[in-house]
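File shown: run.cif (mmCIF, C-alpha atoms).
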```
data_target
#
loop_
_atom_site.label_atom_id
_atom_site.label_comp_id
_atom_site.auth_asym_id
_atom_site.auth_seq_id
_atom_site.Cartn_x
_atom_site.Cartn_y
_atom_site.Cartn_z
CA MET A 1457 0.00 0.00 0.00
CA VAL A 1458 1.24 3.48 -0.91
CA GLU A 1459 0.96 6.15 1.77
CA CYS A 1460 1.58 9.70 0.53
CA ASN A 1461 3.63 11.77 3.00
CA GLY A 1462 3.41 15.09 1.17
CA VAL A 1463 3.50 16.67 -2.26
CA ALA A 1464 5.18 19.63 -3.91
CA ILE A 1465 4.12 20.95 -7.31
CA TYR A 1466 6.17 23.34 -9.44
CA ARG A 1467 5.57 24.85 -12.84
CA CYS A 1468 8.82 25.13 -14.78
CA ILE A 1469 8.62 27.79 -17.48
CA LYS A 1470 11.72 27.22 -19.56
CA GLU A 1471 11.34 30.19 -21.90
CA ASP A 1472 11.35 32.67 -19.00
CA ASP A 1473 13.67 30.63 -16.76
CA GLU A 1474 10.91 30.88 -14.17
CA LEU A 1475 9.95 28.50 -11.42
CA VAL A 1476 6.45 28.85 -9.96
CA GLU A 1477 5.49 27.09 -6.74
CA LEU A 1478 1.90 25.87 -7.11
CA ALA A 1479 1.58 23.85 -3.91
CA VAL A 1480 3.73 22.46 -1.11
CA LEU A 1481 1.96 20.25 1.42
CA ASP A 1482 4.12 18.58 4.04
CA SER A 1483 3.36 15.40 5.97
CA THR A 1484 1.07 17.26 8.38
CA GLN A 1485 -0.78 19.37 5.83
CA ILE A 1486 -1.42 16.42 3.51
CA GLU A 1487 -3.49 14.81 6.26
CA GLU A 1488 -5.87 17.75 6.55
CA GLU A 1489 -9.41 17.10 5.36
CA GLU A 1490 -9.30 19.85 2.74
CA ASN A 1491 -6.32 18.12 1.11
CA GLU A 1492 -7.86 14.64 0.97
CA THR A 1493 -8.19 14.73 -2.82
CA VAL A 1494 -4.60 15.90 -3.22
CA LYS A 1495 -3.40 12.97 -1.13
CA GLU A 1496 -5.56 10.42 -2.95
CA VAL A 1497 -4.46 11.58 -6.40
CA SER A 1498 -0.80 11.74 -5.34
CA GLN A 1499 -1.00 8.17 -4.10
CA SER A 1500 -2.70 7.13 -7.31
CA LEU A 1501 0.07 8.68 -9.41
CA ILE A 1502 2.72 6.76 -7.48
CA LYS A 1503 0.71 3.54 -7.70
CA ASP A 1504 0.44 3.99 -11.47
CA LEU A 1505 4.20 4.38 -11.65
CA ILE A 1506 5.43 1.58 -9.41
CA GLY A 1507 2.60 -0.78 -10.36
CA ASP A 1508 3.16 -0.59 -14.11
CA HIS A 1509 3.89 -4.06 -15.48
CA SER A 1510 6.46 -2.68 -17.89
CA ILE A 1511 8.72 -1.86 -14.95
CA GLY A 1512 11.04 -4.47 -13.52
CA SER A 1513 12.82 -7.66 -14.42
CA ARG A 1514 11.46 -9.55 -17.40
CA ARG A 1515 11.50 -12.73 -15.38
CA SER A 1516 9.00 -11.32 -12.89
CA THR A 1517 7.17 -8.90 -15.20
CA PRO A 1518 7.19 -10.36 -18.74
CA ASP A 1519 5.99 -7.16 -20.41
CA TYR A 1520 9.17 -5.33 -19.39
CA GLY A 1521 11.39 -4.41 -22.26
CA ASP A 1522 8.75 -3.97 -24.94
CA SER A 1523 9.17 -0.20 -24.71
CA LYS A 1524 12.61 -0.11 -23.04
CA SER A 1525 10.92 2.19 -20.58
CA ALA A 1526 12.18 1.15 -17.15
CA ARG A 1527 15.80 1.20 -16.17
CA ILE A 1528 17.94 1.04 -13.07
CA HIS A 1529 20.53 3.84 -12.89
CA GLU A 1530 23.40 4.35 -10.50
CA TYR A 1531 24.22 7.80 -9.18
CA THR A 1532 27.38 9.50 -10.41
CA GLU A 1533 30.06 10.82 -8.06
CA SER A 1534 28.61 14.30 -8.63
CA ALA A 1535 25.54 13.27 -6.63
CA GLU A 1536 27.70 13.56 -3.50
CA VAL A 1537 29.04 17.06 -4.33
CA GLU A 1538 27.52 20.43 -3.47
CA ARG A 1539 25.84 22.05 -6.47
CA GLU A 1540 25.44 25.67 -7.56
CA ASN A 1541 22.33 26.20 -5.45
CA GLY A 1542 24.19 25.00 -2.37
CA TYR A 1543 22.51 21.58 -2.11
CA VAL A 1544 23.88 18.06 -2.52
CA THR A 1545 21.78 15.75 -4.70
CA LYS A 1546 21.87 12.60 -2.57
CA GLU A 1547 21.33 14.57 0.65
CA VAL A 1548 18.27 16.26 -0.85
CA LEU A 1549 16.81 12.97 -2.07
CA GLU A 1550 17.45 11.22 1.23
CA GLU A 1551 15.83 14.05 3.20
CA LEU A 1552 12.87 14.10 0.82
CA ARG A 1553 12.16 10.40 1.15
CA HIS A 1554 12.09 10.86 4.91
CA SER A 1555 9.74 13.86 4.49
CA THR A 1556 12.33 16.35 5.77
CA ASN A 1557 12.41 19.98 4.61
CA LEU A 1558 9.97 19.33 1.78
CA ALA A 1559 9.68 22.96 0.69
CA GLU A 1560 13.36 23.76 0.23
CA ASN A 1561 14.42 20.32 -0.96
CA SER A 1562 11.66 19.98 -3.54
CA ARG A 1563 12.46 23.45 -4.83
CA ALA A 1564 16.11 22.42 -5.22
CA ILE A 1565 14.93 19.48 -7.36
CA ALA A 1566 12.80 21.77 -9.54
CA GLU A 1567 15.68 24.24 -9.91
CA TRP A 1568 17.99 21.49 -11.12
CA TYR A 1569 15.41 20.39 -13.64
CA LEU A 1570 14.89 23.93 -14.92
CA ASP A 1571 18.66 24.43 -15.24
CA GLU A 1572 19.08 21.36 -17.47
CA THR A 1573 19.98 22.50 -20.98
CA GLN A 1574 17.43 20.29 -22.73
CA SER A 1575 14.61 20.44 -20.20
CA ARG A 1576 11.37 22.05 -21.27
CA SER A 1577 8.37 23.78 -19.73
CA ASP A 1578 6.72 21.14 -17.59
CA LEU A 1579 4.96 20.43 -14.34
CA ILE A 1580 7.20 18.76 -11.73
CA LEU A 1581 5.70 16.82 -8.83
CA VAL A 1582 7.78 15.70 -5.85
CA ILE A 1583 5.99 13.09 -3.73
CA PRO A 1584 7.51 11.51 -0.60
CA TYR A 1585 5.73 8.26 0.19
CA THR A 1586 5.91 5.02 2.14
CA TYR A 1587 5.60 1.61 0.50
CA GLU A 1588 6.24 -1.84 1.98
CA GLU A 1589 7.32 -0.07 5.19
CA GLN A 1590 10.11 1.70 3.27
CA ASN A 1591 10.39 5.42 2.52
CA PHE A 1592 10.78 6.72 -1.03
CA VAL A 1593 10.45 9.89 -3.03
CA GLY A 1594 8.90 10.01 -6.49
CA ILE A 1595 9.66 12.75 -9.02
CA ILE A 1596 7.08 12.91 -11.79
CA LYS A 1597 7.03 15.14 -14.85
CA THR A 1598 3.88 15.84 -16.80
CA PRO A 1599 3.51 18.14 -19.84
CA TYR A 1600 2.93 21.77 -19.00
CA LEU A 1601 -0.47 23.02 -20.12
CA ASP A 1602 -0.75 26.79 -19.88
CA ASP A 1603 -4.46 26.96 -19.07
CA ALA A 1604 -4.78 23.87 -16.93
CA TYR A 1605 -2.89 24.80 -13.79
CA GLN A 1606 -4.39 28.09 -12.72
CA THR A 1607 -6.53 26.40 -10.07
CA ASP A 1608 -6.20 24.77 -6.65
CA PRO A 1609 -3.92 21.76 -5.94
CA SER A 1610 -6.78 19.26 -6.21
CA ASP A 1611 -7.63 20.35 -9.74
CA ILE A 1612 -3.93 20.51 -10.64
CA LEU A 1613 -3.39 16.89 -9.66
CA ARG A 1614 -6.58 15.65 -11.26
CA GLU A 1615 -5.42 17.18 -14.53
CA ALA A 1616 -1.88 15.88 -14.06
CA GLN A 1617 -3.18 12.38 -13.39
CA GLN A 1618 -5.21 12.39 -16.59
CA VAL A 1619 -2.36 13.78 -18.69
CA ILE A 1620 0.17 11.34 -17.26
CA ARG A 1621 -2.03 8.34 -17.99
CA GLU A 1622 -2.80 9.42 -21.53
CA ASP A 1623 0.35 11.22 -22.62
CA THR A 1624 3.99 11.37 -21.64
CA HIS A 1625 4.84 9.70 -18.37
CA LYS A 1626 8.25 10.29 -16.84
CA GLY A 1627 9.21 9.37 -13.33
CA ILE A 1628 12.15 8.76 -11.02
CA ILE A 1629 11.84 6.67 -7.88
CA HIS A 1630 14.54 7.05 -5.21
CA PRO A 1631 15.90 4.77 -3.95
CA ARG A 1632 15.71 1.58 -5.99
CA TYR A 1633 13.64 -1.12 -4.34
CA ASP A 1634 14.55 -4.73 -5.09
CA PHE A 1635 11.24 -6.59 -4.81
CA SER A 1636 12.94 -9.99 -4.98
CA VAL A 1637 14.70 -9.50 -1.63
CA GLY A 1638 12.62 -6.67 -0.18
CA GLU A 1639 15.61 -4.33 0.16
CA ILE A 1640 16.41 -0.80 -0.95
CA ASP A 1641 19.61 0.46 -2.59
CA THR A 1642 20.24 4.18 -2.03
CA GLY A 1643 23.00 4.12 -4.64
CA GLU A 1644 20.49 3.50 -7.43
CA ALA A 1645 17.19 4.86 -8.69
CA LYS A 1646 14.56 3.53 -11.07
CA VAL A 1647 13.77 5.68 -14.09
CA TYR A 1648 10.62 5.36 -16.13
CA GLN A 1649 9.41 6.87 -19.37
CA SER A 1650 6.51 5.65 -21.44
CA GLY A 1651 7.43 5.15 -25.05
CA GLY A 1652 10.96 4.09 -24.14
CA GLY A 1653 14.03 4.95 -26.13
CA GLN A 1654 17.04 6.87 -24.84
CA GLN A 1655 15.66 10.34 -25.46
CA TYR A 1656 15.16 10.98 -21.76
CA ALA A 1657 18.83 10.37 -21.00
CA ASP A 1658 19.81 13.83 -22.22
CA TYR A 1659 17.94 15.67 -19.52
CA TRP A 1660 15.59 13.47 -17.54
CA ILE A 1661 18.27 11.62 -15.57
CA GLY A 1662 20.99 14.28 -15.63
CA PHE A 1663 19.30 16.75 -13.32
CA VAL A 1664 19.63 14.36 -10.36
CA ASN A 1665 23.14 13.18 -11.34
CA LEU A 1666 22.22 9.71 -12.54
CA ALA A 1667 24.60 7.80 -14.78
CA ASP A 1668 23.47 6.58 -18.17
CA ASN A 1669 22.58 2.94 -18.50
CA LYS A 1670 21.55 0.45 -21.12
CA VAL A 1671 18.74 -2.05 -20.98
CA GLU A 1672 19.42 -5.71 -21.59
CA ASP A 1673 18.43 -5.56 -25.27
CA GLU A 1674 21.00 -2.86 -25.99
CA GLU A 1675 23.76 -4.66 -24.10
CA LEU A 1676 22.97 -7.85 -26.00
CA VAL A 1677 23.09 -6.11 -29.40
CA LYS A 1678 26.42 -4.52 -28.51
CA SER A 1679 27.98 -7.80 -27.37
CA VAL A 1680 26.83 -9.63 -30.52
CA ALA A 1681 28.06 -6.79 -32.75
CA ASP A 1682 31.45 -6.91 -31.01
CA GLY A 1683 31.55 -10.68 -31.22
CA SER A 1684 32.03 -10.78 -27.46
CA GLY A 1685 30.22 -12.71 -24.78
CA PRO A 1686 28.71 -16.21 -24.72
CA VAL A 1687 25.61 -15.39 -26.81
CA ALA A 1688 27.76 -14.24 -29.73
CA ALA A 1689 29.68 -17.54 -29.58
CA ILE A 1690 26.64 -19.83 -29.85
CA GLN A 1691 26.73 -22.07 -32.93
CA SER A 1692 23.92 -24.51 -32.17
CA SER A 1693 20.52 -24.16 -30.52
CA SER A 1694 21.49 -26.74 -27.87
CA GLU A 1695 24.19 -24.41 -26.58
CA PHE A 1696 21.57 -22.04 -25.16
CA SER A 1697 21.10 -24.43 -22.23
CA ASP A 1698 24.70 -23.82 -21.13
CA LEU A 1699 24.35 -20.03 -20.97
CA PRO A 1700 23.38 -19.73 -17.27
CA ASP A 1701 26.75 -21.28 -16.35
CA ARG A 1702 28.72 -19.14 -18.80
CA VAL A 1703 27.44 -15.61 -18.22
CA ASP A 1704 29.07 -13.24 -15.74
CA ASP A 1705 25.96 -11.08 -15.51
CA GLU A 1706 22.56 -12.79 -15.42
CA SER A 1707 20.95 -9.70 -17.00
CA VAL A 1708 22.22 -11.14 -20.31
CA LEU A 1709 19.47 -13.73 -19.97
CA ASP A 1710 16.90 -10.90 -19.95
CA GLY A 1711 18.04 -9.71 -23.38
CA ARG A 1712 15.51 -10.31 -26.12
CA ILE A 1713 16.27 -11.78 -29.54
CA ASN A 1714 14.15 -11.92 -32.66
CA ILE A 1715 13.45 -15.20 -34.46
CA GLU A 1716 12.07 -15.01 -37.99
CA ILE A 1717 10.89 -17.98 -40.05
CA SER A 1718 9.48 -17.36 -43.53
CA GLY A 1719 8.57 -13.78 -42.63
CA ILE A 1720 6.92 -14.61 -39.30
CA SER A 1721 8.72 -12.90 -36.40
CA LEU A 1722 8.80 -13.80 -32.72
CA ASP A 1723 10.57 -12.01 -29.87
CA VAL A 1724 11.81 -14.26 -27.08
CA ASP A 1725 14.08 -13.82 -24.08
CA VAL A 1726 17.49 -15.46 -24.13
CA GLY A 1727 16.61 -16.87 -20.70
CA ASP A 1728 13.57 -18.67 -22.12
CA LEU A 1729 15.80 -20.39 -24.65
CA ALA A 1730 18.37 -21.21 -21.98
CA GLU A 1731 15.76 -22.70 -19.66
CA GLY A 1732 14.00 -24.70 -22.39
CA ARG A 1733 10.70 -22.82 -22.30
CA VAL A 1734 11.37 -21.99 -25.95
CA ARG A 1735 13.15 -24.50 -28.20
CA LEU A 1736 14.40 -24.30 -31.77
CA ALA A 1737 14.31 -27.40 -33.97
CA GLU A 1738 14.89 -28.33 -37.64
CA LYS A 1739 13.82 -31.23 -39.87
CA ASP A 1740 14.24 -31.61 -43.60
CA GLY A 1741 14.83 -27.90 -44.13
CA SER A 1742 11.82 -26.78 -42.05
CA TYR A 1743 12.42 -24.84 -38.84
CA PHE A 1744 10.27 -24.96 -35.72
CA VAL A 1745 9.90 -22.78 -32.64
CA ILE A 1746 8.38 -24.72 -29.76
CA PHE A 1747 6.83 -22.97 -26.77
CA THR A 1748 5.94 -24.98 -23.71
CA GLY A 1749 4.09 -23.93 -20.57
CA GLY A 1750 0.96 -24.20 -18.52
CA ASP A 1751 -0.64 -20.91 -19.57
CA LEU A 1752 -1.96 -19.76 -22.93
CA ASP A 1753 -3.13 -16.27 -23.89
CA VAL A 1754 -4.33 -15.38 -27.37
CA GLU A 1755 -5.01 -11.71 -27.97
CA ALA A 1756 -5.29 -9.04 -30.62
CA SER A 1757 -3.02 -6.04 -30.14
CA ASP A 1758 -2.31 -2.78 -31.94
CA GLY A 1759 0.84 -2.09 -29.93
CA SER A 1760 -0.79 0.08 -27.28
CA THR A 1761 -3.95 -1.81 -26.38
CA SER A 1762 -4.84 -5.48 -26.47
CA GLN A 1763 -7.97 -7.60 -26.42
CA GLU A 1764 -8.04 -11.25 -25.46
CA LEU A 1765 -9.80 -13.67 -27.79
CA PRO A 1766 -12.33 -16.09 -26.30
CA ASP A 1767 -10.75 -18.99 -24.45
CA LEU A 1768 -9.72 -21.86 -26.70
CA ASN A 1769 -11.21 -25.12 -25.45
CA GLU A 1770 -10.05 -27.52 -28.15
CA PHE A 1771 -6.63 -27.95 -29.70
CA GLU A 1772 -5.27 -29.91 -32.59
CA ASP A 1773 -3.16 -32.83 -31.43
CA LEU A 1774 0.54 -31.96 -31.56
CA GLU A 1775 1.52 -34.98 -33.61
CA GLU A 1776 -1.25 -34.27 -36.13
CA ALA A 1777 -0.27 -30.60 -36.33
CA LEU A 1778 3.32 -31.59 -37.11
CA GLY A 1779 2.33 -34.53 -39.29
CA ASP A 1780 2.96 -32.68 -42.54
CA TYR A 1781 6.51 -31.92 -41.46
CA LEU A 1782 7.74 -34.91 -39.47
#
```
Would you mind writing the file out in C-alpha cells?
Amino acid sequence: MVECNGVAIYRCIKEDDELVELAVLDSTQIEEEENETVKEVSQSLIKDLIGDHSIGSRRSTPDYGDSKSARIHEYTESAEVERENGYVTKEVLEELRHSTNLAENSRAIAEWYLDETQSRSDLILVIPYTYEEQNFVGIIKTPYLDDAYQTDPSDILREAQQVIREDTHKGIIHPRYDFSVGEIDTGEAKVYQSGGGQQYADYWIGFVNLADNKVEDEELVKSVADGSGPVAAIQSSSEFSDLPDRVDDESVLDGRINIEISGISLDVDVGDLAEGRVRLAEKDGSYFVIFTGGDLDVEASDGSTSQELPDLNEFEDLEEALGDYL
C-alpha cells in the first residue's frame, strides 16, 4: 500500500527561466481534510508508476522491455558534491524520502530540472511516500499546459493524473527497491518513461546526477556486434542451455532476440531459450519454434492496447499438427 507523506508541485517555465510554486503540502498538511483529494491523487500517481507491469525484471514482469521504458541507474560521483544552489543531490533525495524539509528540498529538485539544458516547460511533482514499510520519493514530470494549472492543488493533480495516464509519463523513484529480496539500494534509482528509447537520458536523468545505463536488449546487441560474450559464440541451438553457467551477468538472460521464419517474427528472451521454455528445432529444411508452458493467452493487439480472444477449449493434437513436417 502506498501512503503519501506530502507533495510539492512546481511549474517550470523554460522560456522565461521561471519556477512557480503551485503547492507544497508537508506530511502534516497532507493529512488535513481539505487536502484529501490531493493525497488520494498523489497516491494514485505513485501507484500507477510503481505498479506498471512494464517496470522491472522480465522474469518477474514479462511485459518489461517492450518499450525499453524502465531502467535502473546508479548515481554519479557528482551526486555527493555540493551544487550551484548549495545543495547536494543525494542529501536532498534522502531528506525528501524521509519527508524532511519538503519545501526547500523539492524546490532544489525543480531548480535542477529547470537548469538542465534540454529540459522544457513542464509540471514537476515531488511526492515523498511510504511503500512496503520503506520510505521513497517520487519525481514525476507531466507536460505543461498553460491553461490547466491556474486552479487549486486538487484540480492541478486531477489534470496531471489524466495527462500522465494518456500522454507522456516520466518518473524517477529514489531509492531503488529490489522486490525480490525486499531491500532498498540508495546508490540507485529507477527511471521510467513511457514510449521508451534513450531520449530521456539527455535531460531526464541528468538533473539528479544519474549515470546513463543500457537495458538488456542494448547490451545484447552490442555484445553480438562486437563478437564478445557467450551469446555471440553460440553455434547450435542446444548451446543455449549452457548459458546460465557461462554468463558473468545474469541480465544477459533478460536480453531479447528476434526469431524469424518465412517472414513470421517472434521475440523471445534469451533466458527462455536457456531454460528450455522456448526451443528451436529443424527437420528436412523446415524450422520450428516450440513454446511450452501451462498458460496460454491469445489476444489481438495494436501495440498500445490489447484484447483477449475467447478462451480456446479444443486444440489440434501436436503430432497431427506436425504430421505434414515430421
Option closest in space to Ala1566 in chain A, from A:Ala1645, A:Ala1535, A:Ile1465, A:Ile1506 [counting all atoms listed in the file]: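 Looking only at the distances to Ala1566 in chain A, the closest residue turns out to be A:Ile1465.
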Result set of the PyMOL selection byres ((chain A and resi 1574) around 10) on the coordinates above, as a ChimeraX atom specification: /A:1470,1569-1573,1575-1576,1656,1658-1660,1662
Calculate, to one decimal in Å, the centre and edge lengths of the box along x, y and z of the file that holds all listed atoms of range 1539-1549 of chain A with 5 Å of margin on each side, and present them as lines of an AutoDock Vina configuration file.
```
center_x = 21.3
center_y = 19.4
center_z = -3.5
size_x = 19.0
size_y = 23.6
size_z = 18.2
```
To verify the selection step, state as an MDAnalysis selection string which residues the PyMOL selection byres ((chain A and resi 1712-1727) around 9) yields on this input. chainID A and resid 1514:1515 1521 1672:1673 1676:1677 1687 1696:1697 1699:1700 1706 1708:1711 1728:1734 1743:1745
I'd like the residues picked by the PyMOL selection byres ((chain A and resi 1765-1767) around 6) written out as JSON, numbers by chain, using the chain letters and numbers from the file. {"A": [1754, 1755, 1764, 1768]}
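Note that CA of Leu1552 in chain A and CA of Phe1592 in chain A are 7.9 Å apart.
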Gln1590 in chain A environment, 10 Å, all atoms listed in the file, sequence neighbours closer than 2 positions dropped, as JSON, numbers by chain: {"A": [1458, 1553, 1554, 1585, 1586, 1587, 1588, 1592, 1631, 1633, 1638, 1639, 1640]}
